[in-house]
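To keep things clear, I will list the structure first and then write my remarks on it.
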Amino acid sequence: MGVGFASTDRFLAELRENRLRPGYVLVGDDFFLYERCRHAIIEALVPADLREFCLSDLDLAETSIFEALDRARTPSLMAPFQVIFVRNLKTLYTRGAKKDEFAAIEAYFRSPNPQALVILVADHLRIPSDPRRMDLDDRNRYDRIRETLGDCCGLVELARAGEADALKWIGAEAKRREVQFDQDAARELADALGADMMLIAGEFEKLVLFAGARRRVSLGDVETMVLAARQRSLYELTDAISAKDRARAVSLLHGLLNASDGGEDAAIGHLYMLARTFRQMLVILEKNVRDSRAIWQALWQGFRMPPFAAEDVIRQARRYKSRRELMRALRLIARADLELRSQPPDKRLVLERLVLDLASEPKPAGMAAVSPQYAMEW
């Protein structure tokens, strides 16, 4: 497993074997791993009937660290053990040295209450699956936490999962749930969701419910049920279109239509996604975006593509030599949209003709001028 899973596994082993330190810092913003740790702690140390007496969730934006430590130091009259989660640790590292605060922390952990566990949550930094690629600011934040708290608390790194981590989790969870999860289906699920474990866990649950009595999840199930997987197929279609590969483009279009829940009725949805992707390419070309780091500045919130598609869309956009070519594509999409909304006898045929036109070199003259307004409003 990667850094994040390995670190949380070590912590969970200490929890199971009753070798816990009096305090830990959960470092990183991976919510899936945070929930994994929190759930295990509560299940092991917080009886359901005593939860309101022995579990505290504090926020340093509202409660001082002195109050939090005083609560940990004071034995509960109603519960034999206390678990105290303290969020917003970043407040200790802003505006001033906070010498008194860190002195209080050091003093508490020199003589901690053996009937209390303090969990400090530092979710203001991001640890990538390869820590060597950590952002410089996040690296400085992490080093500061290690310097100030590393001697008195255990550090649990909540690093983002890599694809290998996601595949191992899917395999282990499928085995635990007694479901056969095909290898190519697991790979597509992990890849389509960018190894985001919270998304993967949610979609995994949906796929298991969809499989039902079959107790098997196939690649087709993932392509049908997971939006990002359908988006991936669409980006493969725009890749074929931008490469002017007409045969592959038509084949991919048929695959999209056959996999759609709505069959031909899904045509409007596919057209919407085509228009959106060509608009994204237009912005990328106009702003001369060359790598995925710059794409988040060029494209506004709500108009961005999934992370896995960023490099692909940049590459596709750069195949177009001018704004005029992309405007032509948007005009063709607008014309197809008008045709679809007029209830043609065969929607599939409308889309096939559109894809063939998009994947063809523009005619030198004579193409009917269709206003791109509708497509651009998308």
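Chain labels run A, B, ... following the order of the structure tokens; each chain numbers its residues from 1, and ligands are numbered from 1 in the order shown.
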Assign secondary structure with DSSP using the backbone only, and return the residues of stretch 4-70 of chain A in alpha helix (DSSP H) as a PyMOL selection string. chain A and resi 4-16+31-45+51-54+65-70
Write to file, as a CSV table (one decimal), in the first residue's frame, the residues of the selection just made, with N, CA and C atoms.
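Okay, this is what ended up in part_23.csv:
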```csv
chain,number,residue,atom,x,y,z
A,4,GLY,N,-0.2,6.7,2.6
A,4,GLY,CA,-1.4,7.0,3.5
A,4,GLY,C,-2.0,5.7,4.1
A,5,PHE,N,-2.2,4.7,3.2
A,5,PHE,CA,-2.7,3.5,3.8
A,5,PHE,C,-1.7,2.8,4.7
A,6,ALA,N,-0.4,2.8,4.4
A,6,ALA,CA,0.5,2.2,5.3
A,6,ALA,C,0.6,2.9,6.7
A,7,SER,N,0.5,4.2,6.7
A,7,SER,CA,0.5,5.0,7.9
A,7,SER,C,-0.7,4.7,8.8
A,8,THR,N,-1.9,4.7,8.1
A,8,THR,CA,-3.1,4.5,8.9
A,8,THR,C,-3.2,3.0,9.3
A,9,ASP,N,-2.6,2.1,8.5
A,9,ASP,CA,-2.6,0.7,8.9
A,9,ASP,C,-1.8,0.5,10.2
A,10,ARG,N,-0.6,1.2,10.3
A,10,ARG,CA,0.2,1.2,11.5
A,10,ARG,C,-0.6,1.7,12.7
A,11,PHE,N,-1.3,2.8,12.5
A,11,PHE,CA,-2.1,3.4,13.6
A,11,PHE,C,-3.2,2.4,14.0
A,12,LEU,N,-3.9,1.8,13.1
A,12,LEU,CA,-5.0,0.9,13.4
A,12,LEU,C,-4.4,-0.4,14.1
A,13,ALA,N,-3.2,-0.8,13.8
A,13,ALA,CA,-2.6,-1.9,14.5
A,13,ALA,C,-2.3,-1.5,15.9
A,14,GLU,N,-1.8,-0.3,16.1
A,14,GLU,CA,-1.6,0.1,17.5
A,14,GLU,C,-2.9,0.2,18.3
A,15,LEU,N,-4.0,0.6,17.6
A,15,LEU,CA,-5.3,0.6,18.3
A,15,LEU,C,-5.8,-0.8,18.6
A,16,ARG,N,-5.6,-1.7,17.7
A,16,ARG,CA,-6.1,-3.1,18.0
A,16,ARG,C,-5.3,-3.7,19.1
A,31,PHE,N,-10.0,12.8,3.2
A,31,PHE,CA,-11.1,12.5,4.1
A,31,PHE,C,-11.4,11.1,4.3
A,32,PHE,N,-11.2,10.3,3.3
A,32,PHE,CA,-11.4,8.8,3.3
A,32,PHE,C,-10.6,8.2,4.5
A,33,LEU,N,-9.3,8.5,4.5
A,33,LEU,CA,-8.4,7.9,5.5
A,33,LEU,C,-8.7,8.5,6.9
A,34,TYR,N,-9.1,9.8,6.9
A,34,TYR,CA,-9.5,10.4,8.2
A,34,TYR,C,-10.7,9.6,8.8
A,35,GLU,N,-11.7,9.4,7.9
A,35,GLU,CA,-12.9,8.7,8.4
A,35,GLU,C,-12.6,7.2,8.8
A,36,ARG,N,-11.6,6.6,8.1
A,36,ARG,CA,-11.2,5.3,8.4
A,36,ARG,C,-10.7,5.2,9.9
A,37,CYS,N,-9.8,6.2,10.2
A,37,CYS,CA,-9.2,6.3,11.5
A,37,CYS,C,-10.3,6.6,12.6
A,38,ARG,N,-11.1,7.6,12.3
A,38,ARG,CA,-12.1,8.0,13.2
A,38,ARG,C,-13.1,6.9,13.5
A,39,HIS,N,-13.6,6.2,12.5
A,39,HIS,CA,-14.5,5.1,12.7
A,39,HIS,C,-13.9,4.0,13.6
A,40,ALA,N,-12.6,3.7,13.3
A,40,ALA,CA,-12.0,2.6,14.1
A,40,ALA,C,-11.8,3.0,15.6
A,41,ILE,N,-11.5,4.3,15.8
A,41,ILE,CA,-11.3,4.8,17.2
A,41,ILE,C,-12.6,4.7,17.9
A,42,ILE,N,-13.7,5.2,17.3
A,42,ILE,CA,-15.0,5.3,18.0
A,42,ILE,C,-15.5,3.8,18.2
A,43,GLU,N,-15.3,3.0,17.3
A,43,GLU,CA,-15.8,1.6,17.4
A,43,GLU,C,-15.0,0.9,18.6
A,44,ALA,N,-13.7,1.2,18.7
A,44,ALA,CA,-12.9,0.5,19.7
A,44,ALA,C,-13.0,1.1,21.1
A,45,LEU,N,-13.2,2.5,21.2
A,45,LEU,CA,-13.0,3.2,22.5
A,45,LEU,C,-14.3,3.9,23.0
A,51,ARG,N,-21.6,7.6,24.4
A,51,ARG,CA,-21.0,8.5,23.4
A,51,ARG,C,-21.0,9.9,23.8
A,52,GLU,N,-22.1,10.4,24.3
A,52,GLU,CA,-22.2,11.8,24.6
A,52,GLU,C,-21.4,12.2,25.8
A,53,PHE,N,-20.9,11.2,26.6
A,53,PHE,CA,-20.1,11.5,27.8
A,53,PHE,C,-18.6,11.3,27.5
A,54,CYS,N,-18.2,10.5,26.5
A,54,CYS,CA,-16.8,10.3,26.3
A,54,CYS,C,-16.2,10.7,25.0
A,65,ILE,N,-6.8,25.8,22.8
A,65,ILE,CA,-6.1,24.6,23.1
A,65,ILE,C,-6.0,24.4,24.6
A,66,PHE,N,-6.0,25.4,25.3
A,66,PHE,CA,-5.9,25.3,26.8
A,66,PHE,C,-7.2,24.6,27.3
A,67,GLU,N,-8.3,25.0,26.8
A,67,GLU,CA,-9.6,24.3,27.2
A,67,GLU,C,-9.6,22.9,26.7
A,68,ALA,N,-9.1,22.6,25.5
A,68,ALA,CA,-9.1,21.2,25.0
A,68,ALA,C,-8.3,20.3,25.9
A,69,LEU,N,-7.1,20.8,26.3
A,69,LEU,CA,-6.2,20.0,27.1
A,69,LEU,C,-6.7,19.9,28.5
A,70,ASP,N,-7.4,20.9,29.0
A,70,ASP,CA,-8.1,20.8,30.3
A,70,ASP,C,-9.2,19.7,30.3
```
10 Å contact set for stretch 278-295 of chain A, only C-alpha atoms, chain neighbours under 2 positions out, as an MDAnalysis selection string: chainID A and resid 238 242 273:276 297:300 303:305 307:327 329:330 333 375:378
Which residues are near A:Ser111? Cut-off 10 Å, only C-alpha atoms, ignore same chain within fewer than 3 positions. Put them as a count of residues only. 6
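Across stretch 89-313 of chain A, DSSP run on the backbone finds strand (DSSP E) at A:Ala116, A:Leu117, A:Val118, A:Ile119, A:Leu120, A:Val121, A:Ala122, A:Gly154, A:Leu155, A:Val156, A:Glu157, A:Gln180, A:Phe181, A:Arg216, A:Val217.
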Just-selected residues, N, CA and C atoms written as a short mmCIF file (atom, residue, chain, number, x, y, z; two decimals), in the first residue's frame:
```
data_model
loop_
_atom_site.label_atom_id
_atom_site.label_comp_id
_atom_site.auth_asym_id
_atom_site.auth_seq_id
_atom_site.Cartn_x
_atom_site.Cartn_y
_atom_site.Cartn_z
N ALA A 116 -7.40 9.06 28.49
CA ALA A 116 -7.85 9.97 27.43
C ALA A 116 -6.96 9.81 26.20
N LEU A 117 -7.56 9.98 25.04
CA LEU A 117 -6.84 9.99 23.77
C LEU A 117 -7.15 11.31 23.07
N VAL A 118 -6.10 12.05 22.72
CA VAL A 118 -6.26 13.33 22.05
C VAL A 118 -5.85 13.18 20.58
N ILE A 119 -6.75 13.51 19.67
CA ILE A 119 -6.49 13.43 18.24
C ILE A 119 -6.52 14.84 17.67
N LEU A 120 -5.36 15.34 17.23
CA LEU A 120 -5.26 16.66 16.62
C LEU A 120 -5.36 16.49 15.10
N VAL A 121 -6.20 17.30 14.46
CA VAL A 121 -6.47 17.14 13.03
C VAL A 121 -5.86 18.29 12.25
N ALA A 122 -4.86 17.96 11.43
CA ALA A 122 -4.18 18.97 10.60
C ALA A 122 -4.55 18.73 9.14
N GLY A 154 2.09 10.92 18.09
CA GLY A 154 2.32 10.12 16.90
C GLY A 154 1.78 10.85 15.68
N LEU A 155 2.49 10.76 14.57
CA LEU A 155 2.04 11.40 13.33
C LEU A 155 1.47 10.34 12.40
N VAL A 156 0.26 10.55 11.95
CA VAL A 156 -0.40 9.64 11.00
C VAL A 156 -0.60 10.41 9.71
N GLU A 157 0.08 10.00 8.65
CA GLU A 157 0.02 10.71 7.38
C GLU A 157 -1.19 10.25 6.56
N GLN A 180 -17.65 -10.61 -6.85
CA GLN A 180 -16.60 -10.71 -7.85
C GLN A 180 -16.51 -9.39 -8.59
N PHE A 181 -15.37 -8.74 -8.49
CA PHE A 181 -15.17 -7.45 -9.14
C PHE A 181 -14.12 -7.66 -10.22
N ARG A 216 -21.55 -9.91 -9.11
CA ARG A 216 -20.41 -9.69 -9.99
C ARG A 216 -20.52 -8.30 -10.61
N VAL A 217 -19.40 -7.58 -10.62
CA VAL A 217 -19.35 -6.25 -11.24
C VAL A 217 -18.43 -6.32 -12.44
#
```
